[in-house]
Amino acid sequence: MTITRDDILTSSGKYPERMKHPECTDEVKENALDLSIKINACLHELGEDDIVSSGFRTSLANAKTPGAAEHSQHMHGNAGDLTKHSIGVRLKKDYQEKKERSLLVRHDLYMEDPDYTITDSMDWTHLQRVPPKSGKRIFIP
Ligand SMILES: [Zn+2]
């Protein structure tokens with residue numbers, strides 16, 4: 001199934017009210033659209049399918065998210081979490097093998113190191129359309 005802009009904005013329909021929130025600006029919507037296109041392109045090439053478990057967050061929602069970064073890209077529509085951790089593991093391997101020809105580089109996405117997106121209770125894959133401070137494709141959150 002294709003991930004849409006609105007899937008990013010509402011975390012796959014979980015929080016429809018966030019699309020009407022004042023922090024969901026035109027810029028956030030444009031970011032979410034661009035992010036959805038890049039994630040879809042990546043998933044298509046991997047032959048994978050997934051949904052967004054956490055996309056756009058209001059500042060309040062972000063503050064209530066355990067472990068979320070204070071200036072999280074989720075607040076700008078720039079980041080989305082997929083439910084499958086295995087996708088992140090595959091993308092990391094692909095990057096290590098192909099570097100500049102990898103899926104992350106070609107689709108201009110940045111990813112939290114999957115070694116850090118795994119806890120006792122859950123795991124996920126975090127992708128974002130803007131570089132982290134370090135500029136690294138795969139970064140430590
Ligand atoms: Zn995330």
# chains A, B, ... in the order shown; residues from 1 in each chain; ligands from 1
call {"tool": "residues_near_ligand", "arguments": {"ligand": "ligand 1", "cutoff": "6 Å", "atoms": "only C-alpha atoms and all ligand atoms", "output": "list in words"}}
result
Gly80, Asp81 and His126 of chain A
call {"tool": "closest_atom_pairs", "arguments": {"of": "segment 70-129 of chain A", "to": "segment 32-43 of chain A", "cutoff": "12 Å", "atoms": "only C-alpha atoms", "output": "Markdown table"}}
result
| residue | atom | partner | partner_atom | distance |
| --- | --- | --- | --- | --- |
| A:Gln73 | CA | A:Ala32 | CA | 10.8 |
| A:His74 | CA | A:Ala32 | CA | 9.6 |
| A:Met75 | CA | A:Ala32 | CA | 10.6 |
| A:His76 | CA | A:Ala32 | CA | 8.2 |
| A:Gly77 | CA | A:Ala32 | CA | 4.8 |
| A:Asn78 | CA | A:Ala32 | CA | 6.1 |
| A:Ala79 | CA | A:Leu35 | CA | 7.2 |
| A:Gly80 | CA | A:Leu35 | CA | 7.9 |
| A:Asp81 | CA | A:Ile39 | CA | 10.3 |
| A:Leu82 | CA | A:Ile39 | CA | 9.6 |
| A:Lys84 | CA | A:Leu43 | CA | 11.3 |
| A:Ser86 | CA | A:Leu43 | CA | 11.8 |
| A:Ile87 | CA | A:Leu43 | CA | 8.4 |
| A:Gly88 | CA | A:Leu43 | CA | 10.7 |
| A:Arg90 | CA | A:Leu43 | CA | 10.7 |
| A:Leu91 | CA | A:Cys42 | CA | 9.0 |
| A:Asp94 | CA | A:Cys42 | CA | 11.4 |
| A:Ser102 | CA | A:Cys42 | CA | 10.0 |
| A:Leu103 | CA | A:Cys42 | CA | 6.2 |
| A:Leu104 | CA | A:Cys42 | CA | 7.6 |
| A:Val105 | CA | A:Cys42 | CA | 10.2 |
| A:Arg106 | CA | A:Cys42 | CA | 8.8 |
| A:His107 | CA | A:Lys38 | CA | 5.6 |
| A:Asp108 | CA | A:Lys38 | CA | 7.4 |
| A:Leu109 | CA | A:Lys38 | CA | 7.2 |
| A:Tyr110 | CA | A:Ile39 | CA | 10.6 |
| A:Met111 | CA | A:Ile39 | CA | 11.1 |
| A:Thr125 | CA | A:Ile39 | CA | 11.2 |
| A:His126 | CA | A:Ile39 | CA | 10.7 |
| A:Leu127 | CA | A:Ile39 | CA | 7.8 |
| A:Gln128 | CA | A:Leu35 | CA | 7.1 |
| A:Arg129 | CA | A:Leu35 | CA | 5.9 |
call {"tool": "closest_residue", "arguments": {"among": "A:Lys64, A:Arg137, A:Ala69, A:Arg57", "to": "Lys99 of chain A", "atoms": "only C-alpha atoms"}}
result
A:Arg137
call {"tool": "residues_around", "arguments": {"residues": "Lys133 of chain A", "least_positions_apart": "3", "cutoff": "12 Å", "atoms": "only C-alpha atoms", "output": "list in words"}}
result
His71, Ser72, Gln73, Tyr110, Val130, Lys136, Arg137, Ile138, Phe139, Ile140 and Pro141 of chain A
call {"tool": "select_by_dssp", "arguments": {"residues": "segment 37-117 of chain A", "states": "strand (DSSP E)", "output": "VMD selection string"}}
result
chain A and resid 52 to 54 79 to 82 110 to 112
call {"tool": "closest_residue", "arguments": {"among": "A:Thr119, A:Met19, A:Gly135, A:Ser12", "to": "Ile51 of chain A", "atoms": "only C-alpha atoms"}}
result
A:Ser12
call {"tool": "atom_distance", "arguments": {"atom1": "atom CA of Ala68 of chain A", "atom2": "atom CA of Gly55 of chain A"}}
result
12.2 Å
call {"tool": "residues_around", "arguments": {"residues": "Met122 of chain A", "least_positions_apart": "4", "cutoff": "12 Å", "atoms": "only C-alpha atoms", "output": "list in words"}}
result
Ser53, Leu82, Thr83, Lys84, His85, Tyr116, Thr117 and Ile118 of chain A
call {"tool": "write_last_selection", "arguments": {"atoms": "all heavy atoms", "output": "PDB file, in the first residue's frame"}}
result
ATOM      1  N   SER A  53       3.828   4.425  11.596  1.00  0.00           N
ATOM      2  CA  SER A  53       3.314   4.309  12.965  1.00  0.00           C
ATOM      3  C   SER A  53       3.328   5.657  13.661  1.00  0.00           C
ATOM      4  O   SER A  53       2.497   5.941  14.511  1.00  0.00           O
ATOM      5  CB  SER A  53       4.123   3.295  13.769  1.00  0.00           C
ATOM      6  OG  SER A  53       5.487   3.636  13.748  1.00  0.00           O
ATOM      7  N   LEU A  82       8.410   3.854  10.436  1.00  0.00           N
ATOM      8  CA  LEU A  82       7.744   2.676   9.884  1.00  0.00           C
ATOM      9  C   LEU A  82       7.680   1.606  10.958  1.00  0.00           C
ATOM     10  O   LEU A  82       8.503   1.589  11.876  1.00  0.00           O
ATOM     11  CB  LEU A  82       8.521   2.160   8.668  1.00  0.00           C
ATOM     12  CG  LEU A  82       8.694   3.151   7.513  1.00  0.00           C
ATOM     13  CD1 LEU A  82       9.576   2.544   6.419  1.00  0.00           C
ATOM     14  CD2 LEU A  82       7.356   3.565   6.938  1.00  0.00           C
ATOM     15  N   THR A  83       6.720   0.689  10.822  1.00  0.00           N
ATOM     16  CA  THR A  83       6.565  -0.326  11.872  1.00  0.00           C
ATOM     17  C   THR A  83       7.640  -1.408  11.792  1.00  0.00           C
ATOM     18  O   THR A  83       7.971  -2.030  12.792  1.00  0.00           O
ATOM     19  CB  THR A  83       5.183  -1.016  11.796  1.00  0.00           C
ATOM     20  OG1 THR A  83       5.131  -1.811  10.609  1.00  0.00           O
ATOM     21  CG2 THR A  83       4.055  -0.001  11.780  1.00  0.00           C
ATOM     22  N   LYS A  84       8.155  -1.632  10.571  1.00  0.00           N
ATOM     23  CA  LYS A  84       9.099  -2.753  10.408  1.00  0.00           C
ATOM     24  C   LYS A  84      10.547  -2.316  10.655  1.00  0.00           C
ATOM     25  O   LYS A  84      11.109  -1.535   9.887  1.00  0.00           O
ATOM     26  CB  LYS A  84       9.000  -3.329   8.990  1.00  0.00           C
ATOM     27  CG  LYS A  84       7.700  -4.057   8.700  1.00  0.00           C
ATOM     28  CD  LYS A  84       7.762  -4.616   7.277  1.00  0.00           C
ATOM     29  CE  LYS A  84       6.409  -5.151   6.829  1.00  0.00           C
ATOM     30  NZ  LYS A  84       6.387  -5.450   5.377  1.00  0.00           N
ATOM     31  N   HIS A  85      11.128  -2.848  11.675  1.00  0.00           N
ATOM     32  CA  HIS A  85      12.542  -2.618  11.974  1.00  0.00           C
ATOM     33  C   HIS A  85      13.426  -3.258  10.902  1.00  0.00           C
ATOM     34  O   HIS A  85      14.507  -2.769  10.575  1.00  0.00           O
ATOM     35  CB  HIS A  85      12.847  -3.208  13.351  1.00  0.00           C
ATOM     36  CG  HIS A  85      14.226  -2.928  13.846  1.00  0.00           C
ATOM     37  ND1 HIS A  85      15.204  -3.886  13.873  1.00  0.00           N
ATOM     38  CD2 HIS A  85      14.787  -1.789  14.322  1.00  0.00           C
ATOM     39  CE1 HIS A  85      16.306  -3.341  14.349  1.00  0.00           C
ATOM     40  NE2 HIS A  85      16.086  -2.084  14.630  1.00  0.00           N
ATOM     41  N   TYR A 116      19.694   1.576  17.260  1.00  0.00           N
ATOM     42  CA  TYR A 116      19.172   2.449  18.312  1.00  0.00           C
ATOM     43  C   TYR A 116      17.650   2.574  18.278  1.00  0.00           C
ATOM     44  O   TYR A 116      17.077   3.281  19.088  1.00  0.00           O
ATOM     45  CB  TYR A 116      19.801   3.845  18.197  1.00  0.00           C
ATOM     46  CG  TYR A 116      21.273   3.832  18.517  1.00  0.00           C
ATOM     47  CD1 TYR A 116      22.208   3.456  17.543  1.00  0.00           C
ATOM     48  CD2 TYR A 116      21.724   4.158  19.790  1.00  0.00           C
ATOM     49  CE1 TYR A 116      23.563   3.419  17.837  1.00  0.00           C
ATOM     50  CE2 TYR A 116      23.074   4.137  20.090  1.00  0.00           C
ATOM     51  CZ  TYR A 116      23.994   3.757  19.107  1.00  0.00           C
ATOM     52  OH  TYR A 116      25.318   3.729  19.406  1.00  0.00           O
ATOM     53  N   THR A 117      16.990   1.941  17.315  1.00  0.00           N
ATOM     54  CA  THR A 117      15.524   2.026  17.257  1.00  0.00           C
ATOM     55  C   THR A 117      14.926   0.667  17.609  1.00  0.00           C
ATOM     56  O   THR A 117      14.018   0.157  16.958  1.00  0.00           O
ATOM     57  CB  THR A 117      15.032   2.507  15.868  1.00  0.00           C
ATOM     58  OG1 THR A 117      15.582   1.671  14.845  1.00  0.00           O
ATOM     59  CG2 THR A 117      15.452   3.940  15.608  1.00  0.00           C
ATOM     60  N   ILE A 118      15.452   0.123  18.651  1.00  0.00           N
ATOM     61  CA  ILE A 118      14.992  -1.168  19.161  1.00  0.00           C
ATOM     62  C   ILE A 118      15.044  -1.116  20.685  1.00  0.00           C
ATOM     63  O   ILE A 118      16.034  -0.675  21.263  1.00  0.00           O
ATOM     64  CB  ILE A 118      15.840  -2.314  18.548  1.00  0.00           C
ATOM     65  CG1 ILE A 118      15.303  -3.675  18.932  1.00  0.00           C
ATOM     66  CG2 ILE A 118      17.302  -2.187  18.886  1.00  0.00           C
ATOM     67  CD1 ILE A 118      15.817  -4.792  18.023  1.00  0.00           C
TER      68      ILE A 118
END
call {"tool": "atom_distance", "arguments": {"atom1": "atom CA of Asp7 of chain A", "atom2": "atom CA of Asp49 of chain A"}}
result
13.7 Å
call {"tool": "decode", "arguments": {"residues": "segment 39-76 of chain A", "atoms": "N, CA, C and O atoms", "output": "mmCIF file, in the first residue's frame"}}
result
data_model
loop_
_atom_site.group_PDB
_atom_site.id
_atom_site.type_symbol
_atom_site.label_atom_id
_atom_site.label_comp_id
_atom_site.auth_asym_id
_atom_site.auth_seq_id
_atom_site.Cartn_x
_atom_site.Cartn_y
_atom_site.Cartn_z
ATOM 1 N N ILE A 39 9.825 7.933 0.692
ATOM 2 C CA ILE A 39 9.682 6.640 1.388
ATOM 3 C C ILE A 39 9.063 5.608 0.447
ATOM 4 O O ILE A 39 9.514 4.458 0.382
ATOM 5 N N ASN A 40 8.059 6.020 -0.314
ATOM 6 C CA ASN A 40 7.428 5.081 -1.257
ATOM 7 C C ASN A 40 8.428 4.563 -2.287
ATOM 8 O O ASN A 40 8.442 3.374 -2.608
ATOM 9 N N ALA A 41 9.243 5.473 -2.805
ATOM 10 C CA ALA A 41 10.232 5.077 -3.817
ATOM 11 C C ALA A 41 11.192 4.044 -3.237
ATOM 12 O O ALA A 41 11.543 3.042 -3.863
ATOM 13 N N CYS A 42 11.582 4.278 -2.000
ATOM 14 C CA CYS A 42 12.505 3.389 -1.300
ATOM 15 C C CYS A 42 11.860 2.013 -1.066
ATOM 16 O O CYS A 42 12.464 0.970 -1.358
ATOM 17 N N LEU A 43 10.638 2.014 -0.558
ATOM 18 C CA LEU A 43 9.940 0.753 -0.273
ATOM 19 C C LEU A 43 9.696 -0.025 -1.561
ATOM 20 O O LEU A 43 9.830 -1.251 -1.596
ATOM 21 N N HIS A 44 9.353 0.707 -2.623
ATOM 22 C CA HIS A 44 9.104 0.053 -3.915
ATOM 23 C C HIS A 44 10.335 -0.710 -4.381
ATOM 24 O O HIS A 44 10.255 -1.863 -4.789
ATOM 25 N N GLU A 45 11.485 -0.067 -4.295
ATOM 26 C CA GLU A 45 12.719 -0.723 -4.740
ATOM 27 C C GLU A 45 13.104 -1.901 -3.860
ATOM 28 O O GLU A 45 13.698 -2.869 -4.324
ATOM 29 N N LEU A 46 12.743 -1.795 -2.584
ATOM 30 C CA LEU A 46 13.031 -2.905 -1.664
ATOM 31 C C LEU A 46 12.018 -4.047 -1.822
ATOM 32 O O LEU A 46 12.240 -5.149 -1.320
ATOM 33 N N GLY A 47 10.888 -3.746 -2.468
ATOM 34 C CA GLY A 47 9.821 -4.738 -2.574
ATOM 35 C C GLY A 47 9.135 -4.938 -1.231
ATOM 36 O O GLY A 47 8.661 -6.024 -0.907
ATOM 37 N N GLU A 48 9.091 -3.857 -0.449
ATOM 38 C CA GLU A 48 8.506 -3.913 0.896
ATOM 39 C C GLU A 48 7.237 -3.074 0.958
ATOM 40 O O GLU A 48 7.004 -2.204 0.125
ATOM 41 N N ASP A 49 6.456 -3.344 1.973
ATOM 42 C CA ASP A 49 5.212 -2.645 2.225
ATOM 43 C C ASP A 49 5.179 -2.340 3.717
ATOM 44 O O ASP A 49 5.565 -3.177 4.516
ATOM 45 N N ASP A 50 4.752 -1.133 4.073
ATOM 46 C CA ASP A 50 4.666 -0.840 5.501
ATOM 47 C C ASP A 50 3.735 0.336 5.715
ATOM 48 O O ASP A 50 3.279 0.955 4.747
ATOM 49 N N ILE A 51 3.455 0.643 6.965
ATOM 50 C CA ILE A 51 2.655 1.821 7.289
ATOM 51 C C ILE A 51 3.439 2.716 8.240
ATOM 52 O O ILE A 51 4.433 2.293 8.843
ATOM 53 N N VAL A 52 2.960 3.957 8.362
ATOM 54 C CA VAL A 52 3.603 4.932 9.238
ATOM 55 C C VAL A 52 3.005 4.805 10.635
ATOM 56 O O VAL A 52 1.809 5.022 10.827
ATOM 57 N N SER A 53 3.828 4.425 11.596
ATOM 58 C CA SER A 53 3.314 4.309 12.965
ATOM 59 C C SER A 53 3.328 5.657 13.661
ATOM 60 O O SER A 53 2.497 5.941 14.511
ATOM 61 N N SER A 54 4.276 6.504 13.293
ATOM 62 C CA SER A 54 4.345 7.849 13.871
ATOM 63 C C SER A 54 4.915 8.809 12.840
ATOM 64 O O SER A 54 6.043 8.643 12.391
ATOM 65 N N GLY A 55 4.107 9.801 12.444
ATOM 66 C CA GLY A 55 4.566 10.792 11.466
ATOM 67 C C GLY A 55 4.631 12.161 12.111
ATOM 68 O O GLY A 55 5.373 12.351 13.081
ATOM 69 N N PHE A 56 3.838 13.085 11.588
ATOM 70 C CA PHE A 56 3.807 14.451 12.135
ATOM 71 C C PHE A 56 3.327 14.448 13.587
ATOM 72 O O PHE A 56 2.359 13.784 13.931
ATOM 73 N N ARG A 57 4.051 15.205 14.422
ATOM 74 C CA ARG A 57 3.643 15.384 15.815
ATOM 75 C C ARG A 57 3.545 16.874 16.123
ATOM 76 O O ARG A 57 4.457 17.631 15.765
ATOM 77 N N THR A 58 2.498 17.263 16.817
ATOM 78 C CA THR A 58 2.448 18.627 17.341
ATOM 79 C C THR A 58 3.509 18.720 18.440
ATOM 80 O O THR A 58 3.993 17.694 18.933
ATOM 81 N N SER A 59 3.840 19.937 18.826
ATOM 82 C CA SER A 59 4.869 20.082 19.869
ATOM 83 C C SER A 59 4.410 19.404 21.163
ATOM 84 O O SER A 59 5.211 18.787 21.863
ATOM 85 N N LEU A 60 3.103 19.477 21.444
ATOM 86 C CA LEU A 60 2.582 18.825 22.647
ATOM 87 C C LEU A 60 2.698 17.302 22.541
ATOM 88 O O LEU A 60 3.152 16.636 23.478
ATOM 89 N N ALA A 61 2.301 16.775 21.379
ATOM 90 C CA ALA A 61 2.392 15.323 21.172
ATOM 91 C C ALA A 61 3.843 14.864 21.261
ATOM 92 O O ALA A 61 4.142 13.811 21.827
ATOM 93 N N ASN A 62 4.746 15.673 20.706
ATOM 94 C CA ASN A 62 6.159 15.300 20.745
ATOM 95 C C ASN A 62 6.683 15.274 22.181
ATOM 96 O O ASN A 62 7.423 14.368 22.567
ATOM 97 N N ALA A 63 6.266 16.278 22.957
ATOM 98 C CA ALA A 63 6.710 16.359 24.353
ATOM 99 C C ALA A 63 6.232 15.137 25.147
ATOM 100 O O ALA A 63 6.875 14.718 26.104
ATOM 101 N N LYS A 64 5.102 14.578 24.731
ATOM 102 C CA LYS A 64 4.545 13.426 25.446
ATOM 103 C C LYS A 64 5.062 12.089 24.913
ATOM 104 O O LYS A 64 4.699 11.031 25.433
ATOM 105 N N THR A 65 5.854 12.136 23.832
ATOM 106 C CA THR A 65 6.378 10.903 23.256
ATOM 107 C C THR A 65 7.638 10.490 24.000
ATOM 108 O O THR A 65 8.613 11.245 24.011
ATOM 109 N N PRO A 66 7.621 9.324 24.630
ATOM 110 C CA PRO A 66 8.804 8.897 25.384
ATOM 111 C C PRO A 66 10.043 8.809 24.483
ATOM 112 O O PRO A 66 9.975 8.232 23.389
ATOM 113 N N GLY A 67 11.108 9.415 24.915
ATOM 114 C CA GLY A 67 12.371 9.317 24.189
ATOM 115 C C GLY A 67 12.483 10.213 22.963
ATOM 116 O O GLY A 67 13.495 10.193 22.279
ATOM 117 N N ALA A 68 11.458 11.008 22.673
ATOM 118 C CA ALA A 68 11.511 11.863 21.480
ATOM 119 C C ALA A 68 12.502 13.001 21.679
ATOM 120 O O ALA A 68 12.627 13.549 22.774
ATOM 121 N N ALA A 69 13.189 13.371 20.596
ATOM 122 C CA ALA A 69 14.123 14.493 20.664
ATOM 123 C C ALA A 69 13.340 15.789 20.816
ATOM 124 O O ALA A 69 12.247 15.939 20.257
ATOM 125 N N GLU A 70 13.914 16.731 21.550
ATOM 126 C CA GLU A 70 13.222 18.001 21.818
ATOM 127 C C GLU A 70 12.908 18.752 20.514
ATOM 128 O O GLU A 70 11.847 19.335 20.367
ATOM 129 N N HIS A 71 13.856 18.729 19.577
ATOM 130 C CA HIS A 71 13.639 19.412 18.296
ATOM 131 C C HIS A 71 13.429 18.397 17.173
ATOM 132 O O HIS A 71 13.968 18.533 16.082
ATOM 133 N N SER A 72 12.612 17.411 17.475
ATOM 134 C CA SER A 72 12.391 16.305 16.553
ATOM 135 C C SER A 72 11.892 16.766 15.182
ATOM 136 O O SER A 72 11.039 17.657 15.073
ATOM 137 N N GLN A 73 12.397 16.123 14.127
ATOM 138 C CA GLN A 73 11.914 16.412 12.769
ATOM 139 C C GLN A 73 10.469 15.960 12.591
ATOM 140 O O GLN A 73 9.817 16.361 11.632
ATOM 141 N N HIS A 74 9.974 15.144 13.507
ATOM 142 C CA HIS A 74 8.559 14.757 13.448
ATOM 143 C C HIS A 74 7.650 15.985 13.576
ATOM 144 O O HIS A 74 6.532 15.975 13.086
ATOM 145 N N MET A 75 8.119 17.041 14.215
ATOM 146 C CA MET A 75 7.290 18.236 14.425
ATOM 147 C C MET A 75 7.189 19.099 13.164
ATOM 148 O O MET A 75 6.412 20.035 13.117
ATOM 149 N N HIS A 76 8.007 18.762 12.149
ATOM 150 C CA HIS A 76 8.008 19.554 10.917
ATOM 151 C C HIS A 76 7.499 18.767 9.713
ATOM 152 O O HIS A 76 7.605 19.232 8.581
#
